[in-house]
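Chemist: Hey, dropping structure00.txt in here, compact mmCIF, N, CA, C and O atoms:
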# COMPACT_ATOMS: atom_id res chain seq x y z
N MET H 561 14.54 -20.62 -8.13
CA MET H 561 15.04 -19.82 -9.21
C MET H 561 15.59 -20.78 -10.28
O MET H 561 16.32 -21.70 -9.96
N THR H 562 15.26 -20.52 -11.51
CA THR H 562 15.73 -21.37 -12.60
C THR H 562 17.20 -21.08 -12.90
O THR H 562 17.75 -20.06 -12.48
N GLU H 563 17.82 -21.97 -13.66
CA GLU H 563 19.23 -21.77 -14.04
C GLU H 563 19.38 -20.48 -14.85
O GLU H 563 20.34 -19.73 -14.68
N GLU H 564 18.44 -20.20 -15.73
CA GLU H 564 18.50 -18.97 -16.53
C GLU H 564 18.46 -17.74 -15.64
O GLU H 564 19.22 -16.79 -15.83
N GLU H 565 17.59 -17.75 -14.63
CA GLU H 565 17.49 -16.62 -13.72
C GLU H 565 18.76 -16.46 -12.90
O GLU H 565 19.23 -15.34 -12.67
N ARG H 566 19.34 -17.57 -12.43
CA ARG H 566 20.60 -17.50 -11.69
C ARG H 566 21.70 -16.92 -12.57
O ARG H 566 22.52 -16.12 -12.12
N THR H 567 21.71 -17.30 -13.83
CA THR H 567 22.71 -16.78 -14.76
C THR H 567 22.53 -15.28 -14.95
O THR H 567 23.51 -14.54 -14.96
N ARG H 568 21.29 -14.83 -15.06
CA ARG H 568 21.03 -13.40 -15.21
C ARG H 568 21.58 -12.63 -14.02
O ARG H 568 22.20 -11.59 -14.18
N VAL H 569 21.38 -13.14 -12.82
CA VAL H 569 21.84 -12.47 -11.61
C VAL H 569 23.37 -12.49 -11.56
O VAL H 569 24.00 -11.49 -11.27
N ARG H 570 23.98 -13.65 -11.87
CA ARG H 570 25.44 -13.74 -11.86
C ARG H 570 26.07 -12.79 -12.86
O ARG H 570 27.15 -12.26 -12.64
N ARG H 571 25.41 -12.59 -13.97
CA ARG H 571 25.96 -11.71 -15.01
C ARG H 571 25.66 -10.24 -14.72
O ARG H 571 25.98 -9.38 -15.51
N GLY H 572 25.05 -9.96 -13.59
CA GLY H 572 24.81 -8.58 -13.21
C GLY H 572 23.58 -7.95 -13.82
O GLY H 572 23.46 -6.75 -13.85
N ARG H 573 22.66 -8.77 -14.31
CA ARG H 573 21.43 -8.23 -14.88
C ARG H 573 20.33 -8.25 -13.84
O ARG H 573 20.35 -9.04 -12.91
N LYS H 574 19.37 -7.38 -14.03
CA LYS H 574 18.23 -7.36 -13.12
C LYS H 574 17.47 -8.68 -13.18
O LYS H 574 17.43 -9.32 -14.22
N PRO H 575 16.86 -9.08 -12.06
CA PRO H 575 16.02 -10.28 -12.10
C PRO H 575 14.91 -10.13 -13.13
O PRO H 575 14.46 -9.03 -13.42
N ALA H 576 14.47 -11.26 -13.66
CA ALA H 576 13.49 -11.26 -14.74
C ALA H 576 12.11 -10.79 -14.28
O ALA H 576 11.39 -10.17 -15.04
N THR H 577 11.72 -11.12 -13.07
CA THR H 577 10.40 -10.74 -12.59
C THR H 577 10.50 -10.12 -11.20
O THR H 577 11.51 -10.28 -10.50
N GLU H 578 9.45 -9.43 -10.80
CA GLU H 578 9.42 -8.80 -9.49
C GLU H 578 9.53 -9.84 -8.37
O GLU H 578 10.12 -9.57 -7.34
N SER H 579 9.00 -11.03 -8.57
CA SER H 579 9.04 -12.04 -7.53
C SER H 579 10.46 -12.54 -7.28
O SER H 579 10.74 -13.14 -6.26
N ASP H 580 11.38 -12.30 -8.23
CA ASP H 580 12.77 -12.71 -8.08
C ASP H 580 13.59 -11.69 -7.28
O ASP H 580 14.72 -11.96 -6.94
N LYS H 581 13.04 -10.54 -7.02
CA LYS H 581 13.79 -9.47 -6.39
C LYS H 581 14.03 -9.75 -4.91
O LYS H 581 13.17 -10.25 -4.20
N ALA H 582 15.22 -9.39 -4.48
CA ALA H 582 15.63 -9.64 -3.10
C ALA H 582 15.11 -8.58 -2.14
O ALA H 582 14.70 -8.90 -1.02
N PHE H 583 15.16 -7.30 -2.54
CA PHE H 583 14.81 -6.24 -1.60
C PHE H 583 13.42 -6.39 -1.01
O PHE H 583 13.26 -6.32 0.22
N PRO H 584 12.37 -6.58 -1.83
CA PRO H 584 11.04 -6.69 -1.22
C PRO H 584 10.93 -7.85 -0.24
O PRO H 584 10.27 -7.72 0.80
N ARG H 585 11.58 -8.96 -0.55
CA ARG H 585 11.53 -10.13 0.35
C ARG H 585 12.16 -9.78 1.70
O ARG H 585 11.59 -10.06 2.75
N VAL H 586 13.34 -9.18 1.66
CA VAL H 586 14.06 -8.85 2.89
C VAL H 586 13.31 -7.76 3.66
O VAL H 586 13.12 -7.85 4.88
N PHE H 587 12.87 -6.73 2.95
CA PHE H 587 12.15 -5.62 3.57
C PHE H 587 10.87 -6.11 4.26
O PHE H 587 10.62 -5.79 5.42
N ARG H 588 10.07 -6.89 3.57
CA ARG H 588 8.81 -7.39 4.16
C ARG H 588 9.09 -8.28 5.37
O ARG H 588 8.39 -8.20 6.39
N ALA H 589 10.11 -9.13 5.27
CA ALA H 589 10.43 -10.02 6.39
C ALA H 589 10.83 -9.22 7.62
O ALA H 589 10.40 -9.54 8.75
N MET H 590 11.61 -8.18 7.43
CA MET H 590 12.05 -7.36 8.56
C MET H 590 10.88 -6.57 9.16
O MET H 590 10.76 -6.46 10.38
N ALA H 591 10.03 -6.04 8.31
CA ALA H 591 8.86 -5.30 8.80
C ALA H 591 7.90 -6.24 9.52
O ALA H 591 7.39 -5.92 10.60
N ASP H 592 7.67 -7.41 8.94
CA ASP H 592 6.77 -8.39 9.57
C ASP H 592 7.30 -8.86 10.92
O ASP H 592 6.54 -9.01 11.87
N ALA H 593 8.61 -9.08 11.01
CA ALA H 593 9.20 -9.55 12.26
C ALA H 593 9.03 -8.54 13.38
O ALA H 593 8.98 -8.90 14.56
N ARG H 594 8.90 -7.28 13.00
CA ARG H 594 8.73 -6.22 13.99
C ARG H 594 7.28 -5.78 14.12
O ARG H 594 6.97 -4.86 14.85
N ASP H 595 6.41 -6.42 13.34
CA ASP H 595 4.99 -6.10 13.35
C ASP H 595 4.75 -4.62 13.02
O ASP H 595 3.93 -3.95 13.65
N VAL H 596 5.49 -4.13 12.02
CA VAL H 596 5.38 -2.74 11.60
C VAL H 596 4.61 -2.70 10.28
O VAL H 596 4.92 -3.45 9.35
N THR H 597 3.62 -1.84 10.20
CA THR H 597 2.79 -1.74 9.01
C THR H 597 3.41 -0.80 7.98
O THR H 597 4.21 0.08 8.33
N GLN H 598 2.99 -0.97 6.74
CA GLN H 598 3.42 -0.06 5.69
C GLN H 598 2.96 1.36 5.99
O GLN H 598 3.68 2.31 5.71
N ALA H 599 1.78 1.49 6.57
CA ALA H 599 1.25 2.82 6.91
C ALA H 599 2.15 3.52 7.93
O ALA H 599 2.45 4.71 7.78
N SER H 600 2.60 2.79 8.93
CA SER H 600 3.45 3.42 9.94
C SER H 600 4.83 3.74 9.36
O SER H 600 5.44 4.75 9.72
N ILE H 601 5.30 2.92 8.43
CA ILE H 601 6.59 3.20 7.78
C ILE H 601 6.46 4.46 6.92
O ILE H 601 7.33 5.34 6.97
N SER H 602 5.39 4.55 6.15
CA SER H 602 5.22 5.73 5.29
C SER H 602 5.09 6.99 6.14
O SER H 602 5.64 8.04 5.79
N GLN H 603 4.43 6.89 7.27
CA GLN H 603 4.30 8.04 8.17
C GLN H 603 5.67 8.42 8.75
O GLN H 603 6.02 9.60 8.79
N ALA H 604 6.45 7.44 9.17
CA ALA H 604 7.78 7.71 9.74
C ALA H 604 8.71 8.35 8.71
O ALA H 604 9.53 9.19 9.05
N LEU H 605 8.57 7.94 7.45
CA LEU H 605 9.42 8.47 6.39
C LEU H 605 8.88 9.77 5.80
O LEU H 605 9.60 10.46 5.09
N GLY H 606 7.61 10.03 6.04
CA GLY H 606 6.99 11.21 5.46
C GLY H 606 6.78 11.07 3.96
O GLY H 606 6.92 12.03 3.21
N VAL H 607 6.45 9.84 3.55
CA VAL H 607 6.20 9.58 2.12
C VAL H 607 4.81 9.00 1.94
O VAL H 607 4.17 8.56 2.90
N ASN H 608 4.37 8.96 0.72
CA ASN H 608 3.08 8.40 0.37
C ASN H 608 3.08 6.89 0.62
O ASN H 608 4.07 6.21 0.35
N GLY H 609 1.96 6.37 1.10
CA GLY H 609 1.83 4.94 1.35
C GLY H 609 2.03 4.10 0.10
O GLY H 609 2.49 2.96 0.18
N THR H 610 1.69 4.65 -1.05
CA THR H 610 1.87 3.94 -2.31
C THR H 610 3.35 3.66 -2.57
O THR H 610 3.70 2.58 -3.05
N TYR H 611 4.20 4.61 -2.21
CA TYR H 611 5.63 4.42 -2.41
C TYR H 611 6.14 3.23 -1.57
O TYR H 611 6.87 2.38 -2.07
N VAL H 612 5.73 3.16 -0.32
CA VAL H 612 6.15 2.05 0.54
C VAL H 612 5.60 0.73 0.00
O VAL H 612 6.28 -0.28 0.00
N SER H 613 4.37 0.75 -0.50
CA SER H 613 3.79 -0.44 -1.11
C SER H 613 4.61 -0.88 -2.32
O SER H 613 4.86 -2.07 -2.51
N HIS H 614 5.06 0.07 -3.12
CA HIS H 614 5.88 -0.25 -4.29
C HIS H 614 7.23 -0.84 -3.88
O HIS H 614 7.76 -1.72 -4.56
N LEU H 615 7.78 -0.37 -2.77
CA LEU H 615 9.02 -0.96 -2.25
C LEU H 615 8.78 -2.40 -1.81
O LEU H 615 9.57 -3.29 -2.09
N ALA H 616 7.66 -2.62 -1.12
CA ALA H 616 7.34 -3.94 -0.58
C ALA H 616 7.00 -4.96 -1.66
O ALA H 616 7.14 -6.17 -1.44
N THR H 617 6.57 -4.50 -2.81
CA THR H 617 6.20 -5.41 -3.89
C THR H 617 7.26 -5.49 -4.99
O THR H 617 7.14 -6.29 -5.92
N GLY H 618 8.29 -4.66 -4.90
CA GLY H 618 9.36 -4.70 -5.89
C GLY H 618 9.15 -3.83 -7.10
O GLY H 618 9.93 -3.90 -8.05
N LEU H 619 8.11 -3.01 -7.11
CA LEU H 619 7.90 -2.12 -8.24
C LEU H 619 8.91 -0.98 -8.26
O LEU H 619 9.18 -0.40 -9.30
N LYS H 620 9.46 -0.66 -7.09
CA LYS H 620 10.50 0.36 -6.98
C LYS H 620 11.63 -0.18 -6.11
O LYS H 620 11.40 -0.98 -5.21
N THR H 621 12.83 0.27 -6.40
CA THR H 621 13.99 -0.04 -5.58
C THR H 621 14.46 1.27 -4.97
O THR H 621 14.67 2.25 -5.69
N PRO H 622 14.64 1.32 -3.65
CA PRO H 622 14.97 2.58 -3.00
C PRO H 622 16.42 3.00 -3.20
O PRO H 622 17.30 2.18 -3.45
N LYS H 623 16.65 4.30 -3.05
CA LYS H 623 18.00 4.85 -3.06
C LYS H 623 18.66 4.51 -1.72
O LYS H 623 17.97 4.24 -0.73
N PRO H 624 19.97 4.54 -1.65
CA PRO H 624 20.66 4.24 -0.40
C PRO H 624 20.20 5.10 0.79
O PRO H 624 20.06 4.60 1.90
N GLU H 625 19.94 6.37 0.53
CA GLU H 625 19.48 7.26 1.60
C GLU H 625 18.13 6.80 2.15
O GLU H 625 17.87 6.87 3.35
N THR H 626 17.27 6.33 1.27
CA THR H 626 15.95 5.85 1.68
C THR H 626 16.09 4.56 2.48
O THR H 626 15.37 4.36 3.46
N ILE H 627 17.03 3.71 2.10
CA ILE H 627 17.25 2.48 2.85
C ILE H 627 17.69 2.81 4.27
O ILE H 627 17.22 2.20 5.23
N ASP H 628 18.55 3.80 4.42
CA ASP H 628 18.99 4.21 5.76
C ASP H 628 17.81 4.73 6.58
O ASP H 628 17.69 4.43 7.77
N ARG H 629 16.92 5.46 5.95
CA ARG H 629 15.73 5.96 6.65
C ARG H 629 14.79 4.81 7.01
O ARG H 629 14.19 4.80 8.09
N LEU H 630 14.65 3.84 6.10
CA LEU H 630 13.84 2.65 6.40
C LEU H 630 14.43 1.89 7.58
O LEU H 630 13.70 1.44 8.47
N ALA H 631 15.74 1.74 7.58
CA ALA H 631 16.42 1.03 8.67
C ALA H 631 16.16 1.72 10.00
O ALA H 631 15.92 1.06 11.02
N GLU H 632 16.19 3.02 10.00
CA GLU H 632 15.91 3.78 11.22
C GLU H 632 14.46 3.59 11.65
O GLU H 632 14.18 3.36 12.83
N ALA H 633 13.54 3.66 10.70
CA ALA H 633 12.12 3.49 11.02
C ALA H 633 11.82 2.10 11.56
O ALA H 633 10.93 1.93 12.40
N LEU H 634 12.59 1.09 11.11
CA LEU H 634 12.38 -0.28 11.56
C LEU H 634 13.28 -0.65 12.75
O LEU H 634 13.23 -1.78 13.23
N SER H 635 14.12 0.29 13.18
CA SER H 635 15.07 0.05 14.27
C SER H 635 15.98 -1.14 13.97
O SER H 635 16.18 -2.03 14.80
N LEU H 636 16.54 -1.15 12.76
CA LEU H 636 17.42 -2.23 12.35
C LEU H 636 18.83 -2.02 12.89
O LEU H 636 19.28 -0.88 13.04
N ASP H 637 19.51 -3.12 13.16
CA ASP H 637 20.91 -3.01 13.56
C ASP H 637 21.77 -2.89 12.30
O ASP H 637 21.27 -2.91 11.16
N GLU H 638 23.08 -2.76 12.48
CA GLU H 638 23.99 -2.53 11.36
C GLU H 638 23.96 -3.67 10.35
O GLU H 638 23.95 -3.45 9.14
N GLU H 639 23.95 -4.91 10.82
CA GLU H 639 23.93 -6.07 9.93
C GLU H 639 22.63 -6.12 9.11
O GLU H 639 22.65 -6.39 7.91
N GLU H 640 21.51 -5.85 9.74
CA GLU H 640 20.22 -5.86 9.02
C GLU H 640 20.18 -4.74 8.00
O GLU H 640 19.67 -4.93 6.89
N THR H 641 20.72 -3.58 8.36
CA THR H 641 20.77 -2.46 7.41
C THR H 641 21.63 -2.84 6.21
O THR H 641 21.26 -2.58 5.06
N ARG H 642 22.74 -3.49 6.46
CA ARG H 642 23.61 -3.94 5.38
C ARG H 642 22.87 -4.93 4.48
O ARG H 642 23.01 -4.90 3.25
N ARG H 643 22.08 -5.82 5.07
CA ARG H 643 21.31 -6.79 4.26
C ARG H 643 20.33 -6.07 3.34
O ARG H 643 20.16 -6.47 2.18
N LEU H 644 19.69 -5.01 3.84
CA LEU H 644 18.76 -4.24 2.99
C LEU H 644 19.51 -3.59 1.83
O LEU H 644 19.06 -3.63 0.69
N HIS H 645 20.66 -2.97 2.13
CA HIS H 645 21.46 -2.33 1.08
C HIS H 645 21.92 -3.36 0.05
O HIS H 645 21.85 -3.10 -1.15
N THR H 646 22.37 -4.50 0.52
CA THR H 646 22.84 -5.55 -0.38
C THR H 646 21.71 -6.05 -1.28
O THR H 646 21.90 -6.22 -2.49
N ALA H 647 20.54 -6.26 -0.71
CA ALA H 647 19.40 -6.73 -1.49
C ALA H 647 19.04 -5.73 -2.58
O ALA H 647 18.78 -6.11 -3.74
N ALA H 648 19.04 -4.45 -2.25
CA ALA H 648 18.72 -3.42 -3.24
C ALA H 648 19.78 -3.38 -4.34
O ALA H 648 19.45 -3.28 -5.53
N ALA H 649 21.05 -3.50 -3.96
CA ALA H 649 22.13 -3.47 -4.94
C ALA H 649 22.03 -4.65 -5.91
O ALA H 649 22.21 -4.49 -7.12
N VAL H 650 21.72 -5.82 -5.39
CA VAL H 650 21.57 -7.01 -6.24
C VAL H 650 20.41 -6.80 -7.21
O VAL H 650 20.52 -7.11 -8.40
N ASP H 651 19.31 -6.25 -6.72
CA ASP H 651 18.15 -6.01 -7.59
C ASP H 651 18.47 -5.03 -8.70
O ASP H 651 17.88 -5.09 -9.78
N LEU H 652 19.40 -4.12 -8.44
CA LEU H 652 19.79 -3.14 -9.46
C LEU H 652 20.84 -3.67 -10.42
O LEU H 652 21.27 -3.00 -11.34
N GLY H 653 21.28 -4.93 -10.18
CA GLY H 653 22.20 -5.56 -11.11
C GLY H 653 23.66 -5.49 -10.72
O GLY H 653 24.52 -5.85 -11.51
N PHE H 654 23.96 -5.03 -9.51
CA PHE H 654 25.35 -4.98 -9.07
C PHE H 654 25.82 -6.37 -8.67
O PHE H 654 25.07 -7.13 -8.07
N ARG H 655 27.06 -6.66 -8.97
CA ARG H 655 27.68 -7.92 -8.51
C ARG H 655 28.39 -7.62 -7.22
O ARG H 655 29.16 -6.68 -7.12
N LEU H 656 28.12 -8.42 -6.22
CA LEU H 656 28.69 -8.16 -4.91
C LEU H 656 29.54 -9.35 -4.46
O LEU H 656 29.16 -10.14 -3.62
N ASP H 657 30.71 -9.45 -5.05
CA ASP H 657 31.62 -10.54 -4.72
C ASP H 657 32.71 -10.02 -3.77
O ASP H 657 33.89 -10.19 -4.00
N LEU H 658 32.29 -9.36 -2.70
CA LEU H 658 33.22 -8.80 -1.74
C LEU H 658 33.45 -9.79 -0.60
O LEU H 658 32.55 -10.54 -0.23
N PRO H 659 34.64 -9.74 0.01
CA PRO H 659 34.86 -10.60 1.17
C PRO H 659 33.98 -10.13 2.34
O PRO H 659 33.60 -8.97 2.40
N ASP H 660 33.67 -11.04 3.25
CA ASP H 660 32.81 -10.72 4.37
C ASP H 660 33.38 -9.62 5.25
O ASP H 660 32.64 -8.87 5.85
N ASP H 661 34.70 -9.52 5.34
CA ASP H 661 35.31 -8.52 6.23
C ASP H 661 35.60 -7.20 5.53
O ASP H 661 36.32 -6.36 6.04
N PHE H 662 35.05 -6.98 4.35
CA PHE H 662 35.28 -5.75 3.60
C PHE H 662 34.66 -4.57 4.32
O PHE H 662 33.62 -4.57 4.84
Output the structure of this file as structure tokens.

Modeler:
Amino acid sequence: MTEEERTRVRRGRKPATESDKAFPRVFRAMADARDVTQASISQALGVNGTYVSHLATGLKTPKPETIDRLAEALSLDEEETRRLHTAAAVDLGFRLDLPDDF
């Protein structure tokens, strides 16, 4: 990430490009680690496969309720679910300077 991109994130702005987004990276890594396909995720959620593809590529950022449903479909633990929520919040431009024990 360039200095300009880091500054954009620190200032609470959305990343400049889709490849800079945190949620798709974290989501794909978790799905890959469990060998879960986008098709099976879309089926578990009852949504169109295109929507899951858009989540995985960063074209869409999910709502918190959707993240909880994704976490359930992937059998994520509490910490992994928190990582997904945090990644989505960062992509939406939220600053998350909270202590670890918050």

Chemist: Using Å and a single decimal, report how far atom N of H:Asp592 sits from atom O of H:Ser613.

Modeler: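 Between atom O of H:Ser613 and atom N of H:Asp592 the gap is 12.9 Å.
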
Chemist: For H:Ala631, please output as a VMD selection string all residues within 6 Å (counting only C-alpha atoms; exclusion window: fewer than 4 positions along the same chain).

Modeler: chain H and resid 635 to 636 641

Chemist: Set the distance at 9 Å and use only C-alpha atoms: which residues neighbour H:Ser600 once local chain neighbours fewer than 4 positions away are removed? I'd like the list as a list in words.

Modeler: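 Returned residues: Val596, Ala604, Leu605, Gly609 and Ala633 of chain H.
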
Chemist: Of the candidates H:Arg588, H:Leu652, H:Arg594, H:Val607, which one gets nearest to H:Leu634 if we count only C-alpha atoms?

Modeler: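 The closest residue to H:Leu634 is H:Arg594.
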
Chemist: Rounded to one decimal place, report the atom C of H:Gly606-atom O of H:Leu644 distance in Å.

Modeler: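 A separation of 19.4 Å between them.
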
Chemist: When you count all atoms listed in the file, which of these residues is closest to H:Ala649: H:Pro622, H:Glu632, H:Ala591, H:Asp580?

Modeler: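 Residue with the minimum atom-to-atom distance to H:Ala649: H:Pro622.
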
Chemist: Between H:Pro584, H:Glu640, H:Arg629, H:Ala616, single out the one closest to H:Thr597, counting only C-alpha atoms.

Modeler: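 Of H:Pro584, H:Glu640, H:Arg629, H:Ala616, the one nearest H:Thr597 is H:Ala616, counting only C-alpha atoms.
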
Chemist: Provide the atom N of H:Gly653 to atom O of H:Asp637 distance in Å, to one decimal place.

Modeler: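 We find that atom N of H:Gly653 and atom O of H:Asp637 lie 21.4 Å from each other.
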
Chemist: So which one's closest to H:Lys581, H:Gln598, H:Thr617, H:Lys623, H:Arg642? Using all atoms listed in the file, please.

Modeler: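 When distances to H:Lys581 are compared using all atoms listed in the file, the smallest one comes from H:Thr617.
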
Chemist: Would you please work out which residue, of H:Leu615, H:Val650, H:Arg655, H:Thr621, is nearest to H:Arg585 when using all atoms listed in the file?

Modeler: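 With all atoms listed in the file as the atom set, the closest residue is H:Leu615.
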